[in-house]
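I have placed the structure first, in the form of structure tokens, so that the comments after it can refer back to it.
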Amino acid sequence: MNKQNENLNVKRHSLAHVLAAAIKELYPNTLMAIGPSVDNGFYYDFDFGDEKIGDDDLKKIEKKMIHILKQNIEFKRRVVNINDAIKKEKDAGQIYKVELLQDLKMKAKNSGEKLEIGYYSNGNFEDLCCGPHIKETKEIAKGSFKIVKIAGAYWKGDKKNKMLTRIYGYAFENKEELDDYLKKVKEAEARDHRKLGKELDLFCFSNLVGPGLPLFTPKGVVIKDELQKRVEEICREYGFEKVSTPHLAKIDLYELSGHAKKFGDELFHVKSHYKQDYVLKPVQCPHQTQIYASRPRSYRDLPIRYMESEKQYRDEKPGQISGLERVIAITVEDGHTFCTVDQVKDEVKNMVNIIKDFYTSLGMWDNHWVSLSVRDYDNPEKYIGEPEDWDKCEKMLEEVAQEMGLEAKRCEGEAALYGPKLDFMFRDSIGKEIQIPTVQLDFATPKRFNLIYTDQNNKEVNPVMVHRAILGSYERFMMLLIEHFAGAFPVWLSPVQVQIISVGESHREHCNDLALEFKNQDIRVEVDNNDETVGNKIRKATGQKVPYVLVIGDKEMNSKNLEVRNRGSKETRSIKKLDFIKEIKEKIKNK
RNA sequence: GCCAACAUAGCUCAGCUGGUAGAGCAAUGGUUUUGUAAACCAUCGGUCGUGGGUUCAAGUCCCUCUGUUGGCUCCA
């Protein structure tokens, strides 16, 4: 962290204290918990007791803070003996502070470190704090902060504890920076996939169907199908074959795989009228192992590579479900290779290349980093499989990463249930970090399912499984795409690629003929023959972010040229019809 | 799940302290036949998310449920 950020964080932290001081004045009986600085400002957790605080109170609180700041109060530090501090807070009834102090006392006792209890006072308000703080409140620039929202937060982040009221504020060096940030928040809202999904008619939800169950419209499915076609096309080049498996299975499958334990309450149970109940599949891998297991395999058959795009289901907590970001019916693009130990490195390289191809075609590859996600060595019980296999896997992935120049960062505790993995992180156009593609090594699952092949020496051996996801779930990937492109998809993904607009009645037939010509060339086209002004039809097409708009009138009917209006441009260009078709087809082909 | 907020016409939203619902767009009908980001006129459209309560009177106040949004890792 650089010095400027440090200074800003000090200001944010001091503002948290000013917030607490304001609350103390407005609501004297409030119990104080903690108030640190965060990425965009600060917060403070309070226990208001029976007092109800709502959004309407935020303005009042902000006003009080400004009032306190105006008095230009100094922050003064004094050091107190721990037992005196505990007594002071106990007398004041500040149970959270008492708990904090007791924790500190215990910690110091265990570590043998010297304990120094600091108090910072600003005016009439004094708060337990290690600092540092600003010297005086005039260091806070006018208009550089804003109290924004109220949220619930469990004491110490533990849901067993009482829920406190958290008040958040944004804070920056000055008013300009705060305004900039507010502008960014607004821009992100304009790109929000839930908003654009509705406006561009890509997906919807129904109260009758239920939350977390998106319904894809014809236009949304165009995008989904194009993505699927693209992934399968690349994967086929690397020897993947498509399979298809049911959406449910006996729970025995997941007890054997270890997923039943891992997912627990997230498993959906399906009652049958007959003997056997089922669960909806939370992952794809176990089903695919059973295709492998369906017949004897020889070393000559390996590697065997399966892929599929099917739904899987997870019973997510209601509060976690949001738009396409987290759903309970997840369409997953998943693939597995079964291979010999000798083949593992090549398979991993193949998969990394697939990921590279796919993300390069979306223009996202340049902005990524790779995580070598290994196990949490302190908690081996979280994983299945033999430690020596884990060692082998982790070493192999490290070697591949090195050989391919991936500059992978080692992240402990990030491994999958059954093995270590390479995770690829990307940044979207508004700077949000997203982890989607992944390549995972797995010696454990084949052993659990007793998958075997016969090797050169006529011995039965377990294959290695390599899991891979390219775009993860279609739902989350579409969210990423919608927000990354702000709805202005590349031509190959655009639900409507060309919008044809008729000028008058006499041009309608010609528009339809032209549309047919485009359709025959596999170009997605829509005609607007409505009795409306050209300007209005242009406006609508622009709002739908269609890449190409053509206006057809007398001029075009009597010419071999088209007047093409590119998305984002207010100008038109004149181009021969056949050249235009060629141009689009070229664009679609090259992605 | 928990905390907070929100839910009014297909969409975006108005409706102040309680006095039985409004606008723009969309849709439909008509006029118009339009030349590159909103033609004109008319019509249709809502038991104000659900169920209950308070009141002479509820979109408005209270409770329940459903749905949506933000938050629940940040440790004096």
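How things are named: the first chain in the structure tokens is A, the next is B, and so on; residues count from 1 in each chain; ligands count from 1 in the order shown.
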
Spatial neighbours of range 350-355 of chain A, max dist 8 Å, only C-alpha atoms (C1' of nucleotides), sep filter under 6 positions, as a CSV table (one decimal) with N, CA and C atoms, in the first residue's frame:
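New file result.csv:
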```
chain,number,residue,atom,x,y,z
A,234,ILE,N,-13.9,-25.5,-30.2
A,234,ILE,CA,-12.5,-25.5,-29.8
A,234,ILE,C,-12.2,-26.8,-29.1
A,235,CYS,N,-13.1,-27.3,-28.2
A,235,CYS,CA,-12.7,-28.5,-27.5
A,235,CYS,C,-12.7,-29.7,-28.4
A,238,TYR,N,-9.4,-30.4,-29.8
A,238,TYR,CA,-8.5,-31.0,-28.8
A,238,TYR,C,-9.0,-32.4,-28.4
A,437,PRO,N,-12.4,-19.9,-15.6
A,437,PRO,CA,-11.8,-21.1,-16.1
A,437,PRO,C,-10.9,-21.8,-15.1
A,439,VAL,N,-8.5,-25.7,-14.4
A,439,VAL,CA,-8.1,-27.0,-14.7
A,439,VAL,C,-7.7,-27.7,-13.4
A,468,ARG,N,-12.0,-29.8,-16.2
A,468,ARG,CA,-11.8,-28.4,-16.7
A,468,ARG,C,-13.1,-27.7,-17.0
A,470,ILE,N,-14.4,-24.1,-19.0
A,470,ILE,CA,-13.9,-23.0,-19.8
A,470,ILE,C,-14.7,-21.8,-19.5
```

Original post:
Using only C-alpha atoms (C1' of nucleotides), which residues sit within 9 Å of U32 in chain B once same-chain residues fewer than 4 positions away are excluded, as number ranges by chain?
Top reply: A: 531; B: 39-40

Using only C-alpha atoms (C1' of nucleotides), tabulate the residues of chain B lying at most 12 Å from any atom of range 550-565 of chain A, each with its closest atom pair and that distance in Å to one decimal, by chain and increasing residue number, as a Markdown table.
```
| residue | atom | partner | partner_atom | distance |
| --- | --- | --- | --- | --- |
| B:U33 | C1' | A:Gly553 | CA | 11.4 |
| B:U34 | C1' | A:Gly553 | CA | 10.5 |
| B:G35 | C1' | A:Gly553 | CA | 7.2 |
| B:U36 | C1' | A:Val551 | CA | 7.5 |
```

Cut-off 8 Å: closest chain B/chain A atom pairs per residue, using only C-alpha atoms (C1' of nucleotides), as CSV:
```
residue,atom,partner,partner_atom,distance
B:G1,C1',A:Lys317,CA,7.0
B:C2,C1',A:Met163,CA,7.1
B:C3,C1',A:Gly152,CA,3.6
B:A4,C1',A:Ala151,CA,5.5
B:A5,C1',A:Asp55,CA,7.3
B:U33,C1',A:Gly504,CA,5.1
B:U34,C1',A:Thr533,CA,5.1
B:G35,C1',A:Val503,CA,6.6
B:U36,C1',A:Gly535,CA,6.0
B:A37,C1',A:Arg539,CA,4.4
B:A38,C1',A:Asn536,CA,5.6
B:A39,C1',A:Thr533,CA,6.9
B:G67,C1',A:Asn207,CA,6.9
B:G70,C1',A:Ala151,CA,7.5
B:G71,C1',A:Ala151,CA,4.7
B:C72,C1',A:Ala153,CA,4.3
B:U73,C1',A:Gly157,CA,7.8
B:C74,C1',A:Val38,CA,6.7
B:C75,C1',A:Ile34,CA,6.9
B:A76,C1',A:Cys129,CA,4.2
```

**OP:** Could you tell me how far CA of Asn367 in chain A lies from CA of Met478 in chain A, in Å and to one decimal?
**Re:**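 If I compute the distance from CA of Asn367 in chain A to CA of Met478 in chain A, I get 18.5 Å.
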
**OP:** Would you mind writing down, as a ChimeraX atom specification, each residue of range 330-494 of chain A that DSSP on the backbone assigns to strand (DSSP E)?
**Re:** /A:330-339,368-374,409-412,421-427,433-442,453-454,460-461,464-469

Please produce an output containing N, CA and C atoms for each residue in the selection, written as a compact mmCIF listing (two decimals), in the first residue's frame.
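Saved file part-v9.txt follows:
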```
# COMPACT_ATOMS: atom_id res chain seq x y z
N ILE A 330 -28.21 -24.33 -12.60
CA ILE A 330 -26.99 -23.81 -13.20
C ILE A 330 -26.67 -24.62 -14.45
N THR A 331 -26.56 -23.96 -15.59
CA THR A 331 -26.18 -24.68 -16.80
C THR A 331 -24.66 -24.67 -16.89
N VAL A 332 -24.08 -25.83 -16.71
CA VAL A 332 -22.63 -25.89 -16.61
C VAL A 332 -22.01 -26.50 -17.85
N GLU A 333 -20.94 -25.87 -18.29
CA GLU A 333 -20.15 -26.42 -19.38
C GLU A 333 -19.00 -27.11 -18.69
N ASP A 334 -19.00 -28.44 -18.73
CA ASP A 334 -18.03 -29.17 -17.93
C ASP A 334 -17.37 -30.25 -18.77
N GLY A 335 -16.12 -30.54 -18.48
CA GLY A 335 -15.42 -31.57 -19.24
C GLY A 335 -14.39 -32.28 -18.39
N HIS A 336 -14.14 -33.54 -18.75
CA HIS A 336 -13.17 -34.34 -18.00
C HIS A 336 -12.35 -35.19 -18.95
N THR A 337 -11.09 -35.31 -18.62
CA THR A 337 -10.23 -36.24 -19.34
C THR A 337 -9.84 -37.35 -18.39
N PHE A 338 -9.88 -38.57 -18.87
CA PHE A 338 -9.36 -39.71 -18.13
C PHE A 338 -8.08 -40.12 -18.84
N CYS A 339 -6.96 -40.13 -18.13
CA CYS A 339 -5.69 -40.41 -18.82
C CYS A 339 -4.70 -41.10 -17.90
N HIS A 368 -5.22 -11.04 -17.46
CA HIS A 368 -5.52 -12.16 -16.56
C HIS A 368 -4.31 -12.49 -15.69
N TRP A 369 -4.55 -13.22 -14.63
CA TRP A 369 -3.48 -13.85 -13.88
C TRP A 369 -3.92 -15.24 -13.46
N VAL A 370 -2.95 -16.09 -13.09
CA VAL A 370 -3.25 -17.49 -12.83
C VAL A 370 -2.93 -17.83 -11.38
N SER A 371 -3.84 -18.57 -10.78
CA SER A 371 -3.61 -19.03 -9.41
C SER A 371 -3.33 -20.53 -9.43
N LEU A 372 -2.21 -20.91 -8.82
CA LEU A 372 -1.95 -22.33 -8.58
C LEU A 372 -2.56 -22.63 -7.22
N SER A 373 -3.77 -23.18 -7.24
CA SER A 373 -4.53 -23.35 -6.00
C SER A 373 -4.23 -24.70 -5.38
N VAL A 374 -3.54 -24.67 -4.25
CA VAL A 374 -3.15 -25.90 -3.57
C VAL A 374 -3.92 -26.06 -2.26
N LYS A 409 0.52 -17.79 -9.41
CA LYS A 409 0.73 -17.43 -8.02
C LYS A 409 0.19 -18.56 -7.14
N ARG A 410 1.00 -19.02 -6.19
CA ARG A 410 0.59 -20.15 -5.34
C ARG A 410 -0.40 -19.68 -4.28
N CYS A 411 -1.59 -20.26 -4.26
CA CYS A 411 -2.61 -19.85 -3.28
C CYS A 411 -3.00 -21.06 -2.43
N GLU A 412 -2.60 -21.06 -1.18
CA GLU A 412 -2.90 -22.20 -0.31
C GLU A 412 -4.35 -22.16 0.15
N LYS A 421 -5.52 -27.16 -8.46
CA LYS A 421 -5.99 -26.67 -9.75
C LYS A 421 -5.27 -25.40 -10.18
N LEU A 422 -5.42 -25.13 -11.45
CA LEU A 422 -4.99 -23.84 -12.00
C LEU A 422 -6.26 -23.03 -12.24
N ASP A 423 -6.36 -21.88 -11.59
CA ASP A 423 -7.53 -21.02 -11.79
C ASP A 423 -7.10 -19.78 -12.57
N PHE A 424 -7.97 -19.35 -13.47
CA PHE A 424 -7.64 -18.18 -14.29
C PHE A 424 -8.53 -17.02 -13.89
N MET A 425 -7.90 -15.91 -13.56
CA MET A 425 -8.64 -14.73 -13.11
C MET A 425 -8.60 -13.66 -14.19
N PHE A 426 -9.76 -13.06 -14.43
CA PHE A 426 -9.84 -12.00 -15.43
C PHE A 426 -10.41 -10.74 -14.80
N ARG A 427 -10.15 -9.62 -15.46
CA ARG A 427 -10.79 -8.38 -15.06
C ARG A 427 -11.73 -7.97 -16.17
N GLU A 433 -12.90 -8.31 -10.70
CA GLU A 433 -12.14 -9.54 -10.93
C GLU A 433 -13.06 -10.75 -10.91
N ILE A 434 -12.86 -11.62 -11.90
CA ILE A 434 -13.73 -12.78 -12.02
C ILE A 434 -12.89 -14.02 -12.21
N GLN A 435 -13.21 -15.07 -11.46
CA GLN A 435 -12.53 -16.34 -11.66
C GLN A 435 -13.49 -17.31 -12.30
N ILE A 436 -13.18 -17.77 -13.49
CA ILE A 436 -14.05 -18.74 -14.14
C ILE A 436 -13.29 -19.98 -14.60
N PRO A 437 -12.40 -19.87 -15.60
CA PRO A 437 -11.81 -21.10 -16.12
C PRO A 437 -10.92 -21.77 -15.09
N THR A 438 -10.86 -23.09 -15.17
CA THR A 438 -10.10 -23.84 -14.18
C THR A 438 -9.71 -25.19 -14.77
N VAL A 439 -8.53 -25.65 -14.37
CA VAL A 439 -8.06 -26.99 -14.74
C VAL A 439 -7.68 -27.67 -13.44
N GLN A 440 -8.27 -28.86 -13.19
CA GLN A 440 -8.07 -29.48 -11.88
C GLN A 440 -7.60 -30.92 -12.02
N LEU A 441 -6.62 -31.29 -11.21
CA LEU A 441 -6.10 -32.66 -11.23
C LEU A 441 -6.78 -33.48 -10.14
N ASP A 442 -7.03 -34.74 -10.45
CA ASP A 442 -7.81 -35.56 -9.53
C ASP A 442 -7.38 -37.03 -9.61
N TYR A 453 -8.08 -49.03 -16.08
CA TYR A 453 -7.75 -49.44 -17.44
C TYR A 453 -6.65 -50.49 -17.34
N THR A 454 -6.48 -51.22 -18.41
CA THR A 454 -5.45 -52.25 -18.42
C THR A 454 -4.21 -51.68 -19.09
N GLU A 460 -4.19 -53.85 -13.96
CA GLU A 460 -5.28 -52.89 -13.84
C GLU A 460 -4.81 -51.66 -13.06
N VAL A 461 -5.00 -50.50 -13.67
CA VAL A 461 -4.48 -49.26 -13.09
C VAL A 461 -5.61 -48.21 -13.07
N VAL A 464 -6.04 -41.09 -14.26
CA VAL A 464 -6.11 -39.80 -13.60
C VAL A 464 -7.25 -39.03 -14.26
N MET A 465 -7.99 -38.28 -13.45
CA MET A 465 -9.04 -37.44 -14.03
C MET A 465 -8.54 -36.01 -14.06
N VAL A 466 -8.74 -35.34 -15.18
CA VAL A 466 -8.44 -33.92 -15.23
C VAL A 466 -9.76 -33.20 -15.51
N HIS A 467 -10.18 -32.36 -14.57
CA HIS A 467 -11.43 -31.61 -14.73
C HIS A 467 -11.10 -30.29 -15.39
N ARG A 468 -12.02 -29.78 -16.20
CA ARG A 468 -11.81 -28.44 -16.73
C ARG A 468 -13.12 -27.71 -16.96
N ALA A 469 -13.10 -26.43 -16.72
CA ALA A 469 -14.25 -25.59 -17.06
C ALA A 469 -13.69 -24.44 -17.90
```

Which residues are close to Ala92 in chain A, i.e. within 12 Å by only C-alpha atoms (C1' of nucleotides), leaving aside same-chain residues fewer than 5 positions away? Reply as an mmCIF file with C-alpha atoms, in the first residue's frame.
```cif
data_model
loop_
_atom_site.group_PDB
_atom_site.id
_atom_site.type_symbol
_atom_site.label_atom_id
_atom_site.label_comp_id
_atom_site.auth_asym_id
_atom_site.auth_seq_id
_atom_site.Cartn_x
_atom_site.Cartn_y
_atom_site.Cartn_z
ATOM 1 C CA PRO A 28 -26.854 8.129 23.749
ATOM 2 C CA ASN A 29 -27.771 4.565 24.736
ATOM 3 C CA THR A 30 -26.118 2.974 21.725
ATOM 4 C CA LEU A 31 -23.525 0.267 22.273
ATOM 5 C CA MET A 32 -20.404 0.618 20.139
ATOM 6 C CA ALA A 85 -9.934 -0.043 30.445
ATOM 7 C CA ILE A 86 -12.084 -3.105 31.101
ATOM 8 C CA LYS A 87 -13.494 -1.486 34.224
ATOM 9 C CA LYS A 97 -15.731 -3.202 24.013
ATOM 10 C CA VAL A 98 -15.346 -5.314 27.132
ATOM 11 C CA GLU A 126 -13.559 8.760 23.472
#
```

**OP:** Taking the chain letters and numbering used in this document, name the residues of range 187-424 of chain A that DSSP puts in alpha helix (DSSP H), as a VMD selection string.
**Re:** chain A and resid 187 to 191 193 to 199 218 to 237 251 to 257 259 to 263 285 to 292 344 to 361 387 to 403

Given the selection you just returned, output its residues as a file containing C-alpha atoms, formatted as an mmCIF file, in the first residue's frame.
```
data_model
loop_
_atom_site.group_PDB
_atom_site.id
_atom_site.type_symbol
_atom_site.label_atom_id
_atom_site.label_comp_id
_atom_site.auth_asym_id
_atom_site.auth_seq_id
_atom_site.Cartn_x
_atom_site.Cartn_y
_atom_site.Cartn_z
ATOM 1 C CA GLU A 187 -21.935 3.572 -14.609
ATOM 2 C CA ALA A 188 -21.792 0.109 -13.113
ATOM 3 C CA GLU A 189 -25.537 0.326 -12.489
ATOM 4 C CA ALA A 190 -26.130 1.160 -16.136
ATOM 5 C CA ARG A 191 -24.225 -1.989 -17.091
ATOM 6 C CA HIS A 193 -26.904 -7.436 -16.275
ATOM 7 C CA ARG A 194 -30.286 -7.516 -14.542
ATOM 8 C CA LYS A 195 -31.200 -4.153 -16.029
ATOM 9 C CA LEU A 196 -29.785 -4.909 -19.485
ATOM 10 C CA GLY A 197 -31.207 -8.418 -19.461
ATOM 11 C CA LYS A 198 -34.662 -6.899 -19.236
ATOM 12 C CA GLU A 199 -34.056 -4.058 -21.670
ATOM 13 C CA PRO A 218 -35.155 -16.449 -27.735
ATOM 14 C CA LYS A 219 -32.545 -13.687 -27.826
ATOM 15 C CA GLY A 220 -30.837 -14.916 -24.678
ATOM 16 C CA VAL A 221 -30.715 -18.426 -26.061
ATOM 17 C CA VAL A 222 -29.007 -17.151 -29.221
ATOM 18 C CA ILE A 223 -26.128 -15.966 -27.045
ATOM 19 C CA LYS A 224 -26.087 -19.131 -24.973
ATOM 20 C CA ASP A 225 -26.088 -21.338 -28.070
ATOM 21 C CA GLU A 226 -23.340 -19.326 -29.754
ATOM 22 C CA LEU A 227 -21.165 -19.661 -26.666
ATOM 23 C CA GLN A 228 -21.813 -23.375 -26.496
ATOM 24 C CA LYS A 229 -21.050 -23.820 -30.185
ATOM 25 C CA ARG A 230 -17.807 -21.906 -29.762
ATOM 26 C CA VAL A 231 -16.592 -23.882 -26.728
ATOM 27 C CA GLU A 232 -17.501 -27.198 -28.289
ATOM 28 C CA GLU A 233 -15.821 -26.263 -31.524
ATOM 29 C CA ILE A 234 -12.531 -25.483 -29.779
ATOM 30 C CA CYS A 235 -12.749 -28.508 -27.497
ATOM 31 C CA ARG A 236 -13.471 -30.846 -30.387
ATOM 32 C CA GLU A 237 -10.194 -29.749 -31.946
ATOM 33 C CA ILE A 251 -27.582 -40.244 -3.578
ATOM 34 C CA ASP A 252 -25.217 -43.238 -3.484
ATOM 35 C CA LEU A 253 -23.372 -41.687 -6.412
ATOM 36 C CA TYR A 254 -22.519 -38.609 -4.370
ATOM 37 C CA GLU A 255 -21.808 -40.494 -1.206
ATOM 38 C CA LEU A 256 -19.141 -42.356 -3.128
ATOM 39 C CA SER A 257 -17.776 -39.213 -4.759
ATOM 40 C CA HIS A 259 -20.038 -34.548 -2.838
ATOM 41 C CA ALA A 260 -22.910 -35.547 -0.530
ATOM 42 C CA LYS A 261 -20.809 -34.567 2.454
ATOM 43 C CA LYS A 262 -19.370 -31.510 0.778
ATOM 44 C CA PHE A 263 -22.699 -30.062 -0.398
ATOM 45 C CA CYS A 285 -18.242 -35.318 -12.772
ATOM 46 C CA PRO A 286 -19.712 -38.402 -11.062
ATOM 47 C CA HIS A 287 -22.153 -39.051 -13.895
ATOM 48 C CA GLN A 288 -19.339 -38.876 -16.406
ATOM 49 C CA THR A 289 -17.237 -41.383 -14.457
ATOM 50 C CA GLN A 290 -19.995 -43.892 -15.015
ATOM 51 C CA ILE A 291 -19.723 -43.562 -18.772
ATOM 52 C CA TYR A 292 -16.038 -44.309 -18.430
ATOM 53 C CA VAL A 344 -1.420 -35.586 -17.488
ATOM 54 C CA LYS A 345 0.926 -32.777 -18.374
ATOM 55 C CA ASP A 346 -0.045 -32.773 -22.037
ATOM 56 C CA GLU A 347 -3.719 -32.823 -21.126
ATOM 57 C CA VAL A 348 -3.314 -29.870 -18.797
ATOM 58 C CA LYS A 349 -1.467 -28.013 -21.530
ATOM 59 C CA ASN A 350 -4.294 -28.767 -23.970
ATOM 60 C CA MET A 351 -6.821 -27.364 -21.563
ATOM 61 C CA VAL A 352 -4.813 -24.246 -20.893
ATOM 62 C CA ASN A 353 -4.608 -23.747 -24.643
ATOM 63 C CA ILE A 354 -8.376 -24.153 -24.974
ATOM 64 C CA ILE A 355 -8.874 -21.508 -22.299
ATOM 65 C CA LYS A 356 -6.384 -19.258 -24.032
ATOM 66 C CA ASP A 357 -8.125 -19.664 -27.416
ATOM 67 C CA PHE A 358 -11.550 -18.971 -26.006
ATOM 68 C CA TYR A 359 -10.683 -15.932 -23.938
ATOM 69 C CA THR A 360 -8.447 -14.499 -26.640
ATOM 70 C CA SER A 361 -11.414 -14.523 -28.993
ATOM 71 C CA PRO A 387 -1.244 -37.038 0.509
ATOM 72 C CA GLU A 388 1.370 -38.528 -1.830
ATOM 73 C CA ASP A 389 -1.024 -38.134 -4.791
ATOM 74 C CA TRP A 390 -1.621 -34.536 -3.769
ATOM 75 C CA ASP A 391 2.121 -33.906 -3.668
ATOM 76 C CA LYS A 392 2.490 -35.404 -7.121
ATOM 77 C CA CYS A 393 -0.410 -33.375 -8.538
ATOM 78 C CA GLU A 394 0.738 -30.087 -7.072
ATOM 79 C CA LYS A 395 4.235 -30.643 -8.444
ATOM 80 C CA MET A 396 2.906 -31.491 -11.919
ATOM 81 C CA LEU A 397 0.737 -28.391 -12.105
ATOM 82 C CA GLU A 398 3.602 -26.241 -10.948
ATOM 83 C CA GLU A 399 5.797 -27.674 -13.700
ATOM 84 C CA VAL A 400 3.190 -27.149 -16.389
ATOM 85 C CA ALA A 401 2.623 -23.583 -15.251
ATOM 86 C CA GLN A 402 6.336 -22.964 -15.438
ATOM 87 C CA GLU A 403 6.783 -24.638 -18.820
#
```
